[in-house]
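Pasted below: final_35.cif, mmCIF, C-alpha atoms.
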data_upload
loop_
_atom_site.group_PDB
_atom_site.id
_atom_site.type_symbol
_atom_site.label_atom_id
_atom_site.label_comp_id
_atom_site.auth_asym_id
_atom_site.auth_seq_id
_atom_site.Cartn_x
_atom_site.Cartn_y
_atom_site.Cartn_z
ATOM 1 C CA MET A 1 24.270 -46.934 32.701
ATOM 2 C CA PRO A 2 20.841 -48.184 31.613
ATOM 3 C CA VAL A 3 19.717 -51.701 32.466
ATOM 4 C CA TYR A 4 20.334 -54.192 29.653
ATOM 5 C CA VAL A 5 18.219 -57.291 29.216
ATOM 6 C CA ASP A 6 19.344 -60.690 27.982
ATOM 7 C CA ILE A 7 15.899 -62.032 27.205
ATOM 8 C CA SER A 8 17.231 -65.475 26.366
ATOM 9 C CA ARG A 9 17.744 -65.747 30.134
ATOM 10 C CA CYS A 10 14.434 -64.249 31.273
ATOM 11 C CA ILE A 11 12.173 -66.881 32.827
ATOM 12 C CA GLY A 12 9.118 -64.636 33.070
ATOM 13 C CA CYS A 13 8.853 -64.834 36.855
ATOM 14 C CA ARG A 14 8.032 -61.130 37.169
ATOM 15 C CA SER A 15 10.383 -60.765 40.156
ATOM 16 C CA CYS A 16 11.711 -57.548 38.611
ATOM 17 C CA GLU A 17 8.184 -56.154 38.434
ATOM 18 C CA VAL A 18 7.556 -56.921 42.091
ATOM 19 C CA ALA A 19 10.952 -55.606 43.191
ATOM 20 C CA CYS A 20 10.403 -52.386 41.254
ATOM 21 C CA LYS A 21 6.989 -51.887 42.807
ATOM 22 C CA ARG A 22 8.398 -52.562 46.256
ATOM 23 C CA VAL A 23 11.105 -49.898 46.048
ATOM 24 C CA HIS A 24 8.906 -47.312 44.336
ATOM 25 C CA GLY A 25 6.007 -47.235 46.750
ATOM 26 C CA GLY A 26 3.673 -49.495 44.777
ATOM 27 C CA LYS A 27 4.227 -47.866 41.390
ATOM 28 C CA GLY A 28 6.266 -50.184 39.217
ATOM 29 C CA HIS A 29 8.107 -49.093 36.105
ATOM 30 C CA VAL A 30 8.832 -52.583 34.749
ATOM 31 C CA ASN A 31 6.320 -54.497 32.688
ATOM 32 C CA VAL A 32 7.036 -58.130 31.782
ATOM 33 C CA HIS A 33 5.468 -58.925 28.431
ATOM 34 C CA PHE A 34 4.854 -62.394 27.103
ATOM 35 C CA ALA A 35 5.406 -62.742 23.371
ATOM 36 C CA GLY A 36 3.116 -65.656 22.616
ATOM 37 C CA ASP A 37 4.545 -68.760 24.258
ATOM 38 C CA GLN A 38 8.027 -68.032 23.012
ATOM 39 C CA ALA A 39 9.529 -65.549 25.397
ATOM 40 C CA SER A 40 9.021 -63.143 28.236
ATOM 41 C CA VAL A 41 10.414 -59.673 27.879
ATOM 42 C CA PRO A 42 10.812 -57.203 30.746
ATOM 43 C CA LEU A 43 10.100 -53.756 29.333
ATOM 44 C CA PHE A 44 11.164 -50.507 30.948
ATOM 45 C CA CYS A 45 12.771 -47.162 30.109
ATOM 46 C CA HIS A 46 15.709 -47.462 27.704
ATOM 47 C CA HIS A 47 17.148 -44.149 28.843
ATOM 48 C CA CYS A 48 17.380 -43.196 25.154
ATOM 49 C CA GLU A 49 20.237 -41.030 24.014
ATOM 50 C CA GLU A 50 17.815 -38.865 22.042
ATOM 51 C CA ALA A 51 15.026 -39.127 24.588
ATOM 52 C CA THR A 52 11.768 -38.082 22.963
ATOM 53 C CA CYS A 53 10.031 -37.856 26.361
ATOM 54 C CA THR A 54 12.421 -35.068 27.384
ATOM 55 C CA MET A 55 11.623 -33.230 24.144
ATOM 56 C CA ALA A 56 7.881 -33.419 24.821
ATOM 57 C CA CYS A 57 8.205 -32.404 28.490
ATOM 58 C CA TYR A 58 7.759 -28.642 28.725
ATOM 59 C CA THR A 59 8.383 -28.167 32.444
ATOM 60 C CA GLY A 60 11.830 -29.760 32.531
ATOM 61 C CA ALA A 61 10.637 -32.624 34.747
ATOM 62 C CA LEU A 62 12.228 -35.069 32.311
ATOM 63 C CA SER A 63 15.796 -34.348 31.331
ATOM 64 C CA LYS A 64 18.997 -36.062 30.318
ATOM 65 C CA ASP A 65 21.478 -36.472 33.167
ATOM 66 C CA GLY A 66 24.452 -38.138 31.535
ATOM 67 C CA GLU A 67 23.311 -41.548 30.325
ATOM 68 C CA ARG A 68 20.275 -41.444 32.577
ATOM 69 C CA THR A 69 16.918 -39.956 31.620
ATOM 70 C CA ALA A 70 16.118 -38.258 34.897
ATOM 71 C CA PHE A 71 12.676 -37.464 36.199
ATOM 72 C CA ALA A 72 12.023 -34.714 38.757
ATOM 73 C CA VAL A 73 8.585 -35.431 40.147
ATOM 74 C CA GLU A 74 8.251 -31.986 41.765
ATOM 75 C CA LYS A 75 8.239 -30.371 38.306
ATOM 76 C CA CYS A 76 5.681 -32.780 36.819
ATOM 77 C CA THR A 77 2.155 -31.491 36.127
ATOM 78 C CA GLY A 78 0.859 -34.880 35.017
ATOM 79 C CA CYS A 79 -0.086 -33.516 31.581
ATOM 80 C CA GLY A 80 0.515 -36.902 29.960
ATOM 81 C CA LEU A 81 2.584 -35.735 26.983
ATOM 82 C CA CYS A 82 5.623 -37.858 27.910
ATOM 83 C CA ARG A 83 3.535 -41.018 27.991
ATOM 84 C CA LEU A 84 2.489 -40.325 24.412
ATOM 85 C CA ALA A 85 5.996 -39.300 23.360
ATOM 86 C CA CYS A 86 7.679 -42.547 24.450
ATOM 87 C CA PRO A 87 8.202 -44.810 21.391
ATOM 88 C CA PHE A 88 8.331 -47.870 23.647
ATOM 89 C CA GLY A 89 5.323 -47.098 25.838
ATOM 90 C CA VAL A 90 7.327 -47.267 29.051
ATOM 91 C CA VAL A 91 6.512 -43.915 30.612
ATOM 92 C CA TRP A 92 3.387 -44.223 32.716
ATOM 93 C CA THR A 93 1.078 -41.519 34.007
ATOM 94 C CA ASP A 94 -1.444 -41.836 36.754
ATOM 95 C CA LYS A 95 -1.950 -38.331 38.086
ATOM 96 C CA LEU A 96 1.815 -37.832 37.747
ATOM 97 C CA ALA A 97 4.292 -39.449 35.391
ATOM 98 C CA HIS A 98 6.535 -42.270 36.539
ATOM 99 C CA LYS A 99 9.264 -44.246 34.843
ATOM 100 C CA CYS A 100 12.448 -46.200 35.578
ATOM 101 C CA ASP A 101 14.866 -44.016 37.532
ATOM 102 C CA LEU A 102 17.572 -46.691 37.681
ATOM 103 C CA CYS A 103 16.945 -46.702 41.459
ATOM 104 C CA VAL A 104 18.802 -43.430 41.805
ATOM 105 C CA GLY A 105 20.770 -43.394 45.043
ATOM 106 C CA ASN A 106 21.317 -47.140 45.028
ATOM 107 C CA GLU A 107 24.526 -48.526 43.650
ATOM 108 C CA ILE A 108 22.726 -51.156 41.577
ATOM 109 C CA PRO A 109 19.069 -51.016 40.439
ATOM 110 C CA THR A 110 16.932 -53.361 42.530
ATOM 111 C CA CYS A 111 15.584 -55.294 39.520
ATOM 112 C CA ILE A 112 19.133 -56.394 38.670
ATOM 113 C CA ILE A 113 19.837 -57.574 42.210
ATOM 114 C CA THR A 114 16.516 -59.419 42.296
ATOM 115 C CA CYS A 115 16.512 -61.198 38.918
ATOM 116 C CA PRO A 116 17.057 -64.893 39.766
ATOM 117 C CA ALA A 117 18.000 -65.701 36.174
ATOM 118 C CA ASN A 118 20.697 -63.040 35.797
ATOM 119 C CA ALA A 119 18.888 -61.648 32.785
ATOM 120 C CA LEU A 120 19.396 -58.016 33.785
ATOM 121 C CA SER A 121 22.640 -56.107 34.057
ATOM 122 C CA THR A 122 24.063 -52.641 33.613
ATOM 123 C CA ASP A 123 26.915 -54.065 31.578
ATOM 124 C CA PHE A 124 26.339 -53.612 27.847
ATOM 125 C CA ASP A 125 29.327 -55.800 26.988
ATOM 126 C CA LEU A 126 28.017 -58.703 29.052
ATOM 127 C CA ALA A 127 25.190 -59.421 26.609
ATOM 128 C CA SER A 128 27.536 -59.401 23.642
ATOM 129 C CA ARG A 129 30.119 -61.534 25.525
ATOM 130 C CA ARG A 130 27.387 -64.079 26.229
ATOM 131 C CA ALA A 131 26.342 -64.051 22.580
ATOM 132 C CA ARG A 132 29.953 -64.702 21.531
ATOM 133 C CA ALA A 133 30.266 -67.465 24.112
ATOM 134 C CA ARG A 134 27.128 -69.137 22.753
ATOM 135 C CA ALA A 135 28.478 -68.884 19.215
ATOM 136 C CA ALA A 136 31.804 -70.422 20.300
ATOM 137 C CA MET A 137 29.933 -73.230 22.067
ATOM 138 C CA ALA A 138 27.950 -73.922 18.913
ATOM 139 C CA VAL A 139 31.138 -74.122 16.877
ATOM 140 C CA ALA A 140 32.692 -76.487 19.446
ATOM 141 C CA HIS A 141 29.634 -78.733 19.273
ATOM 142 C CA GLY A 142 29.558 -79.203 15.548
ATOM 143 C CA GLY A 143 29.289 -75.762 14.047
ATOM 144 C CA ARG A 144 26.271 -73.790 13.087
ATOM 145 C CA ARG A 145 24.393 -73.114 9.931
ATOM 146 C CA MET B 1 -11.115 -16.081 36.712
ATOM 147 C CA ILE B 2 -9.821 -18.189 33.863
ATOM 148 C CA LYS B 3 -10.353 -17.432 30.207
ATOM 149 C CA VAL B 4 -9.692 -20.338 27.864
ATOM 150 C CA ASP B 5 -8.590 -20.142 24.263
ATOM 151 C CA LEU B 6 -10.344 -23.308 23.131
ATOM 152 C CA SER B 7 -8.562 -23.289 19.786
ATOM 153 C CA LYS B 8 -5.241 -23.735 21.607
ATOM 154 C CA CYS B 9 -6.235 -26.249 24.311
ATOM 155 C CA VAL B 10 -4.818 -29.723 23.601
ATOM 156 C CA GLY B 11 -6.854 -31.515 26.244
ATOM 157 C CA CYS B 12 -4.003 -32.552 28.538
ATOM 158 C CA ASN B 13 -4.316 -33.032 32.284
ATOM 159 C CA SER B 14 -2.060 -30.203 33.337
ATOM 160 C CA CYS B 15 -4.449 -27.457 34.506
ATOM 161 C CA SER B 16 -6.878 -29.810 36.232
ATOM 162 C CA ASN B 17 -3.956 -31.470 38.031
ATOM 163 C CA VAL B 18 -2.263 -28.317 39.276
ATOM 164 C CA CYS B 19 -5.420 -26.474 40.397
ATOM 165 C CA PRO B 20 -5.284 -26.429 44.219
ATOM 166 C CA SER B 21 -9.020 -25.752 44.594
ATOM 167 C CA GLN B 22 -10.516 -28.300 42.185
ATOM 168 C CA ASN B 23 -11.988 -25.563 40.020
ATOM 169 C CA ILE B 24 -11.023 -27.390 36.846
ATOM 170 C CA THR B 25 -12.688 -30.753 36.406
ATOM 171 C CA ARG B 26 -11.997 -33.540 33.993
ATOM 172 C CA GLU B 27 -14.357 -36.234 32.812
ATOM 173 C CA ASP B 28 -12.967 -39.236 31.012
ATOM 174 C CA THR B 29 -15.281 -41.451 29.013
ATOM 175 C CA ALA B 30 -14.490 -44.458 26.842
ATOM 176 C CA ASP B 31 -13.983 -42.460 23.664
ATOM 177 C CA GLY B 32 -13.783 -38.897 24.811
ATOM 178 C CA LYS B 33 -12.647 -36.397 27.361
ATOM 179 C CA ARG B 34 -14.212 -33.237 28.707
ATOM 180 C CA ILE B 35 -12.561 -30.425 30.658
ATOM 181 C CA HIS B 36 -14.636 -27.890 32.532
ATOM 182 C CA TRP B 37 -13.385 -24.629 34.030
ATOM 183 C CA LYS B 38 -15.532 -23.283 36.870
ATOM 184 C CA ARG B 39 -15.792 -19.543 37.484
ATOM 185 C CA CYS B 40 -13.179 -19.050 40.136
ATOM 186 C CA LYS B 41 -12.388 -16.067 42.329
ATOM 187 C CA GLU B 42 -8.887 -17.173 43.251
ATOM 188 C CA GLU B 43 -5.937 -14.914 42.560
ATOM 189 C CA CYS B 44 -3.879 -17.998 41.811
ATOM 190 C CA ASP B 45 -2.519 -18.535 38.321
ATOM 191 C CA LEU B 46 -0.925 -21.971 38.551
ATOM 192 C CA CYS B 47 -3.021 -23.336 35.681
ATOM 193 C CA VAL B 48 -2.040 -20.385 33.495
ATOM 194 C CA GLU B 49 1.606 -20.866 34.311
ATOM 195 C CA PHE B 50 1.613 -24.609 33.682
ATOM 196 C CA CYS B 51 -0.469 -24.778 30.498
ATOM 197 C CA PRO B 52 1.838 -26.297 27.860
ATOM 198 C CA VAL B 53 0.211 -24.316 25.042
ATOM 199 C CA ARG B 54 -0.581 -21.052 26.865
ATOM 200 C CA ALA B 55 -4.299 -21.465 26.260
ATOM 201 C CA LEU B 56 -5.295 -19.942 29.626
ATOM 202 C CA MET B 57 -5.452 -16.341 30.801
ATOM 203 C CA LEU B 58 -6.387 -14.738 34.111
ATOM 204 C CA VAL B 59 -9.225 -12.231 33.673
ATOM 205 C CA PRO B 60 -11.270 -10.209 36.237
ATOM 206 C CA PHE B 61 -14.161 -12.120 37.852
ATOM 207 C CA ASP B 62 -17.457 -11.818 36.016
ATOM 208 C CA GLU B 63 -20.542 -13.397 37.598
ATOM 209 C CA GLY B 64 -22.464 -13.512 34.304
ATOM 210 C CA SER B 65 -19.833 -15.172 32.132
ATOM 211 C CA GLU B 66 -20.270 -18.725 30.896
ATOM 212 C CA GLU B 67 -18.106 -21.505 32.264
ATOM 213 C CA PRO B 68 -15.957 -22.795 29.420
ATOM 214 C CA ASP B 69 -15.942 -26.449 28.396
ATOM 215 C CA ALA B 70 -13.626 -28.337 26.096
ATOM 216 C CA SER B 71 -14.597 -31.688 24.632
ATOM 217 C CA PHE B 72 -12.267 -33.986 22.776
ATOM 218 C CA ASP B 73 -12.748 -37.240 20.929
ATOM 219 C CA LEU B 74 -9.931 -39.660 21.570
ATOM 220 C CA VAL B 75 -7.858 -40.936 18.646
ATOM 221 C CA ALA B 76 -8.049 -44.666 17.905
ATOM 222 C CA CYS B 77 -4.798 -46.639 17.871
ATOM 223 C CA LYS B 78 -3.741 -47.554 14.312
ATOM 224 C CA ILE B 79 -3.183 -51.148 15.401
ATOM 225 C CA CYS B 80 -5.716 -52.138 18.080
ATOM 226 C CA ALA B 81 -8.247 -49.298 17.606
ATOM 227 C CA ALA B 82 -8.332 -48.580 21.352
ATOM 228 C CA ARG B 83 -8.873 -44.887 22.017
ATOM 229 C CA TYR B 84 -5.869 -43.504 23.810
ATOM 230 C CA ALA B 85 -5.210 -39.761 23.361
ATOM 231 C CA THR B 86 -6.594 -36.481 22.098
ATOM 232 C CA GLU B 87 -5.599 -35.520 18.584
ATOM 233 C CA PRO B 88 -4.089 -32.120 19.511
ATOM 234 C CA MET B 89 -1.792 -33.827 22.045
ATOM 235 C CA LEU B 90 -0.492 -36.234 19.406
ATOM 236 C CA LYS B 91 -0.136 -33.378 16.915
ATOM 237 C CA ARG B 92 1.834 -31.440 19.496
ATOM 238 C CA ILE B 93 4.201 -34.365 19.956
ATOM 239 C CA GLU B 94 4.608 -34.548 16.181
ATOM 240 C CA SER B 95 5.506 -30.871 16.153
ATOM 241 C CA VAL B 96 8.153 -31.061 18.899
ATOM 242 C CA LEU B 97 9.976 -34.239 17.824
ATOM 243 C CA PRO B 98 12.556 -34.271 15.029
ATOM 244 C CA VAL B 99 11.100 -35.964 11.932
ATOM 245 C CA ASN B 100 13.728 -38.724 11.897
ATOM 246 C CA LEU B 101 12.594 -39.907 15.327
ATOM 247 C CA GLN B 102 8.918 -40.159 14.389
ATOM 248 C CA LYS B 103 9.276 -43.445 12.528
ATOM 249 C CA ASP B 104 10.752 -46.639 13.923
ATOM 250 C CA SER B 105 13.130 -48.922 12.028
ATOM 251 C CA THR B 106 10.206 -50.531 10.184
ATOM 252 C CA GLY B 107 8.802 -47.179 9.059
ATOM 253 C CA LEU B 108 5.914 -47.230 11.522
ATOM 254 C CA SER B 109 4.635 -43.820 12.680
ATOM 255 C CA TRP B 110 4.600 -44.891 16.314
ATOM 256 C CA ILE B 111 3.006 -41.682 17.597
ATOM 257 C CA TRP B 112 -0.328 -42.901 16.181
ATOM 258 C CA VAL B 113 -0.029 -46.254 17.954
ATOM 259 C CA CYS B 114 -1.167 -46.636 21.577
ATOM 260 C CA PRO B 115 1.422 -47.260 24.340
ATOM 261 C CA ILE B 116 0.202 -50.838 24.874
ATOM 262 C CA CYS B 117 0.765 -51.728 21.217
ATOM 263 C CA ARG B 118 4.132 -49.964 21.348
ATOM 264 C CA ARG B 119 5.154 -52.300 24.178
ATOM 265 C CA ASN B 120 3.866 -55.335 22.284
ATOM 266 C CA ILE B 121 5.867 -54.353 19.199
ATOM 267 C CA GLU B 122 9.006 -53.966 21.295
ATOM 268 C CA ALA B 123 8.475 -57.338 22.993
ATOM 269 C CA GLU B 124 7.925 -59.071 19.649
ATOM 270 C CA ARG B 125 11.002 -57.458 18.135
ATOM 271 C CA ALA B 126 13.190 -58.584 21.045
ATOM 272 C CA THR B 127 11.696 -62.082 20.900
ATOM 273 C CA LYS B 128 12.358 -62.441 17.173
ATOM 274 C CA GLN B 129 15.990 -61.510 17.711
ATOM 275 C CA MET B 130 16.361 -63.991 20.548
ATOM 276 C CA VAL B 131 14.670 -66.845 18.668
ATOM 277 C CA LEU B 132 16.917 -66.144 15.684
ATOM 278 C CA GLY B 133 19.981 -66.399 17.939
ATOM 279 C CA ARG B 134 18.732 -69.651 19.457
ATOM 280 C CA SER B 135 17.975 -71.290 16.126
ATOM 281 C CA ARG B 136 21.494 -70.433 14.982
ATOM 282 C CA LYS B 137 22.843 -72.059 18.120
ATOM 283 C CA ASN B 138 20.821 -75.264 17.698
ATOM 284 C CA PRO B 139 20.787 -76.038 13.991
#

Output the file's structure as structure tokens, nothing else.
Amino acid sequence: MPVYVDISRCIGCRSCEVACKRVHGGKGHVNVHFAGDQASVPLFCHHCEEATCTMACYTGALSKDGERTAFAVEKCTGCGLCRLACPFGVVWTDKLAHKCDLCVGNEIPTCIITCPANALSTDFDLASRRARARAAMAVAHGGRR
Amino acid sequence: MIKVDLSKCVGCNSCSNVCPSQNITREDTADGKRIHWKRCKEECDLCVEFCPVRALMLVPFDEGSEEPDASFDLVACKICAARYATEPMLKRIESVLPVNLQKDSTGLSWIWVCPICRRNIEAERATKQMVLGRSRKNP
């Protein structure tokens, strides 16, 4: 149940960043990037199916737990290999590693609850439903190229 | 006391992080990194246990032995040229990941790109997709 982003909704307010920092003791795992003046993109762990960070981690601190890529801080030595093994650059290390844990223990990750633009969700189908709805709207209003 | 096999050391932060008595020090500079192992009398072997490449060994204390040092140049990012990691660490990642995961959909060997550029690439990719969708919607 990773967090999915509909970046066409993201307004770049960085609320998710702040919320993430708040619930993780000052260490945030979300990074809102601005792609020129076109869009803002919240970046965080994708919880990859074939998670390369778990392959690089030799102590078992990073592991797959169902859909989640789990991180056990007590096993982390802070070596920094996972940071270099993440293709998306969303595992951070300062002394120890830290990354999105999907707010384990909470029913819904805090970034999702916080996002004022409803750009984040755990529902993969939602993004594709929205895309279909936009396509239908375009057809209704004179078709599309 | 710690004996270091310098040919194996990858220059990670593991031993210096786990040492409870600060006997292993790390110096980071703009384009390099230096690790220094002090002569230590502790019976503890946490650093040995947690070395990812088994480069460390516990040997009897010897007052006259030299304190080992490892120096590494940092590799420059293929895109922005910022120095971001030691070469042996990146090589190690290359050796543990399946080959098909070492290139992204555009054929880029992302291991040799720094994490900041990796994030930028991801943000640009997502933006392109979104802009494409929008331009379809508003012809």

TODO: Run the PyMOL selection byres ((chain B and resi 120) around 12) against the file shown and list the residues it catches, as a ChimeraX atom specification.
DONE: /A:31-36,40-43,87-90 /B:79-80,113-119,121-127

Open item on the list: Translate the PyMOL selection byres ((chain B and resi 10) around 7) into a concrete residue list for this structure, as a list of chain:residue names.
Closed with: B:Lys8, B:Cys9, B:Gly11, B:Cys12, B:Pro88, B:Met89

Open item on the list: When you look at Val5 of chain A with a cut-off of 10 Å (counting all atoms listed in the file), what residues show up, excluding the ones that are within fewer than 6 positions of it in the same chain? I need them as an NGL selection string.
Closed with: (:A and (41-44 or 112 or 118-124 or 126-127)) or (:B and (126))

- [ ] Write out as a PyMOL selection string the residues lying within 12 Å of segment 42-55 of chain B, counting all atoms listed in the file and excluding same-chain residues fewer than 6 positions away.
- [x] (chain A and resi 56-60+75-81) or (chain B and resi 1-24+61+70+88-89+92-93+96)

Restrict the selected residues to C-alpha atoms and save them as a PDB file, keeping the file's coordinate frame.
ATOM      1  CA  ALA A  56       7.881 -33.419  24.821  1.00  0.00           C
ATOM      2  CA  CYS A  57       8.205 -32.404  28.490  1.00  0.00           C
ATOM      3  CA  TYR A  58       7.759 -28.642  28.725  1.00  0.00           C
ATOM      4  CA  THR A  59       8.383 -28.167  32.444  1.00  0.00           C
ATOM      5  CA  GLY A  60      11.830 -29.760  32.531  1.00  0.00           C
ATOM      6  CA  LYS A  75       8.239 -30.371  38.306  1.00  0.00           C
ATOM      7  CA  CYS A  76       5.681 -32.780  36.819  1.00  0.00           C
ATOM      8  CA  THR A  77       2.155 -31.491  36.127  1.00  0.00           C
ATOM      9  CA  GLY A  78       0.859 -34.880  35.017  1.00  0.00           C
ATOM     10  CA  CYS A  79      -0.086 -33.516  31.581  1.00  0.00           C
ATOM     11  CA  GLY A  80       0.515 -36.902  29.960  1.00  0.00           C
ATOM     12  CA  LEU A  81       2.584 -35.735  26.983  1.00  0.00           C
TER      13      LEU A  81
ATOM     14  CA  MET B   1     -11.115 -16.081  36.712  1.00  0.00           C
ATOM     15  CA  ILE B   2      -9.821 -18.189  33.863  1.00  0.00           C
ATOM     16  CA  LYS B   3     -10.353 -17.432  30.207  1.00  0.00           C
ATOM     17  CA  VAL B   4      -9.692 -20.338  27.864  1.00  0.00           C
ATOM     18  CA  ASP B   5      -8.590 -20.142  24.263  1.00  0.00           C
ATOM     19  CA  LEU B   6     -10.344 -23.308  23.131  1.00  0.00           C
ATOM     20  CA  SER B   7      -8.562 -23.289  19.786  1.00  0.00           C
ATOM     21  CA  LYS B   8      -5.241 -23.735  21.607  1.00  0.00           C
ATOM     22  CA  CYS B   9      -6.235 -26.249  24.311  1.00  0.00           C
ATOM     23  CA  VAL B  10      -4.818 -29.723  23.601  1.00  0.00           C
ATOM     24  CA  GLY B  11      -6.854 -31.515  26.244  1.00  0.00           C
ATOM     25  CA  CYS B  12      -4.003 -32.552  28.538  1.00  0.00           C
ATOM     26  CA  ASN B  13      -4.316 -33.032  32.284  1.00  0.00           C
ATOM     27  CA  SER B  14      -2.060 -30.203  33.337  1.00  0.00           C
ATOM     28  CA  CYS B  15      -4.449 -27.457  34.506  1.00  0.00           C
ATOM     29  CA  SER B  16      -6.878 -29.810  36.232  1.00  0.00           C
ATOM     30  CA  ASN B  17      -3.956 -31.470  38.031  1.00  0.00           C
ATOM     31  CA  VAL B  18      -2.263 -28.317  39.276  1.00  0.00           C
ATOM     32  CA  CYS B  19      -5.420 -26.474  40.397  1.00  0.00           C
ATOM     33  CA  PRO B  20      -5.284 -26.429  44.219  1.00  0.00           C
ATOM     34  CA  SER B  21      -9.020 -25.752  44.594  1.00  0.00           C
ATOM     35  CA  GLN B  22     -10.516 -28.300  42.185  1.00  0.00           C
ATOM     36  CA  ASN B  23     -11.988 -25.563  40.020  1.00  0.00           C
ATOM     37  CA  ILE B  24     -11.023 -27.390  36.846  1.00  0.00           C
ATOM     38  CA  PHE B  61     -14.161 -12.120  37.852  1.00  0.00           C
ATOM     39  CA  ALA B  70     -13.626 -28.337  26.096  1.00  0.00           C
ATOM     40  CA  PRO B  88      -4.089 -32.120  19.511  1.00  0.00           C
ATOM     41  CA  MET B  89      -1.792 -33.827  22.045  1.00  0.00           C
ATOM     42  CA  ARG B  92       1.834 -31.440  19.496  1.00  0.00           C
ATOM     43  CA  ILE B  93       4.201 -34.365  19.956  1.00  0.00           C
ATOM     44  CA  VAL B  96       8.153 -31.061  18.899  1.00  0.00           C
TER      45      VAL B  96
END

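Atom CA of Trp92 of chain A is positioned 18.8 Å from atom CA of Ala30 of chain B.
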
Spatial neighbours of Asp62 of chain B, max dist 12 Å, all atoms listed in the file, sep filter under 3 positions, as a PDB file with C-alpha atoms, in the frame of the given file:
ATOM      1  CA  MET B   1     -11.115 -16.081  36.712  1.00  0.00           C
ATOM      2  CA  ILE B   2      -9.821 -18.189  33.863  1.00  0.00           C
ATOM      3  CA  LYS B   3     -10.353 -17.432  30.207  1.00  0.00           C
ATOM      4  CA  LYS B  38     -15.532 -23.283  36.870  1.00  0.00           C
ATOM      5  CA  ARG B  39     -15.792 -19.543  37.484  1.00  0.00           C
ATOM      6  CA  CYS B  40     -13.179 -19.050  40.136  1.00  0.00           C
ATOM      7  CA  LYS B  41     -12.388 -16.067  42.329  1.00  0.00           C
ATOM      8  CA  LEU B  58      -6.387 -14.738  34.111  1.00  0.00           C
ATOM      9  CA  VAL B  59      -9.225 -12.231  33.673  1.00  0.00           C
ATOM     10  CA  SER B  65     -19.833 -15.172  32.132  1.00  0.00           C
ATOM     11  CA  GLU B  66     -20.270 -18.725  30.896  1.00  0.00           C
ATOM     12  CA  GLU B  67     -18.106 -21.505  32.264  1.00  0.00           C
TER      13      GLU B  67
END

Once N, CA and C atoms are restored for segment 85-96 of chain B, what would the output be as a PDB file, in the frame of the given file?
ATOM      1  N   ALA B  85      -5.718 -41.117  23.153  1.00  0.00           N
ATOM      2  CA  ALA B  85      -5.210 -39.761  23.361  1.00  0.00           C
ATOM      3  C   ALA B  85      -5.995 -38.766  22.522  1.00  0.00           C
ATOM      4  N   THR B  86      -5.932 -37.496  22.914  1.00  0.00           N
ATOM      5  CA  THR B  86      -6.594 -36.481  22.098  1.00  0.00           C
ATOM      6  C   THR B  86      -5.712 -36.167  20.887  1.00  0.00           C
ATOM      7  N   GLU B  87      -6.353 -35.797  19.803  1.00  0.00           N
ATOM      8  CA  GLU B  87      -5.599 -35.520  18.584  1.00  0.00           C
ATOM      9  C   GLU B  87      -4.622 -34.355  18.743  1.00  0.00           C
ATOM     10  N   PRO B  88      -5.045 -33.234  19.374  1.00  0.00           N
ATOM     11  CA  PRO B  88      -4.089 -32.120  19.511  1.00  0.00           C
ATOM     12  C   PRO B  88      -2.843 -32.493  20.317  1.00  0.00           C
ATOM     13  N   MET B  89      -2.976 -33.412  21.291  1.00  0.00           N
ATOM     14  CA  MET B  89      -1.792 -33.827  22.045  1.00  0.00           C
ATOM     15  C   MET B  89      -0.821 -34.579  21.138  1.00  0.00           C
ATOM     16  N   LEU B  90      -1.359 -35.476  20.314  1.00  0.00           N
ATOM     17  CA  LEU B  90      -0.492 -36.234  19.406  1.00  0.00           C
ATOM     18  C   LEU B  90       0.132 -35.315  18.363  1.00  0.00           C
ATOM     19  N   LYS B  91      -0.658 -34.346  17.889  1.00  0.00           N
ATOM     20  CA  LYS B  91      -0.136 -33.378  16.915  1.00  0.00           C
ATOM     21  C   LYS B  91       0.987 -32.552  17.534  1.00  0.00           C
ATOM     22  N   ARG B  92       0.802 -32.224  18.819  1.00  0.00           N
ATOM     23  CA  ARG B  92       1.834 -31.440  19.496  1.00  0.00           C
ATOM     24  C   ARG B  92       3.136 -32.240  19.578  1.00  0.00           C
ATOM     25  N   ILE B  93       3.003 -33.533  19.884  1.00  0.00           N
ATOM     26  CA  ILE B  93       4.201 -34.365  19.956  1.00  0.00           C
ATOM     27  C   ILE B  93       4.866 -34.435  18.591  1.00  0.00           C
ATOM     28  N   GLU B  94       4.061 -34.557  17.543  1.00  0.00           N
ATOM     29  CA  GLU B  94       4.608 -34.548  16.181  1.00  0.00           C
ATOM     30  C   GLU B  94       5.384 -33.266  15.915  1.00  0.00           C
ATOM     31  N   SER B  95       4.865 -32.148  16.453  1.00  0.00           N
ATOM     32  CA  SER B  95       5.506 -30.871  16.153  1.00  0.00           C
ATOM     33  C   SER B  95       6.793 -30.651  16.948  1.00  0.00           C
ATOM     34  N   VAL B  96       6.933 -31.307  18.117  1.00  0.00           N
ATOM     35  CA  VAL B  96       8.153 -31.061  18.899  1.00  0.00           C
ATOM     36  C   VAL B  96       9.260 -32.081  18.636  1.00  0.00           C
TER      37      VAL B  96
END
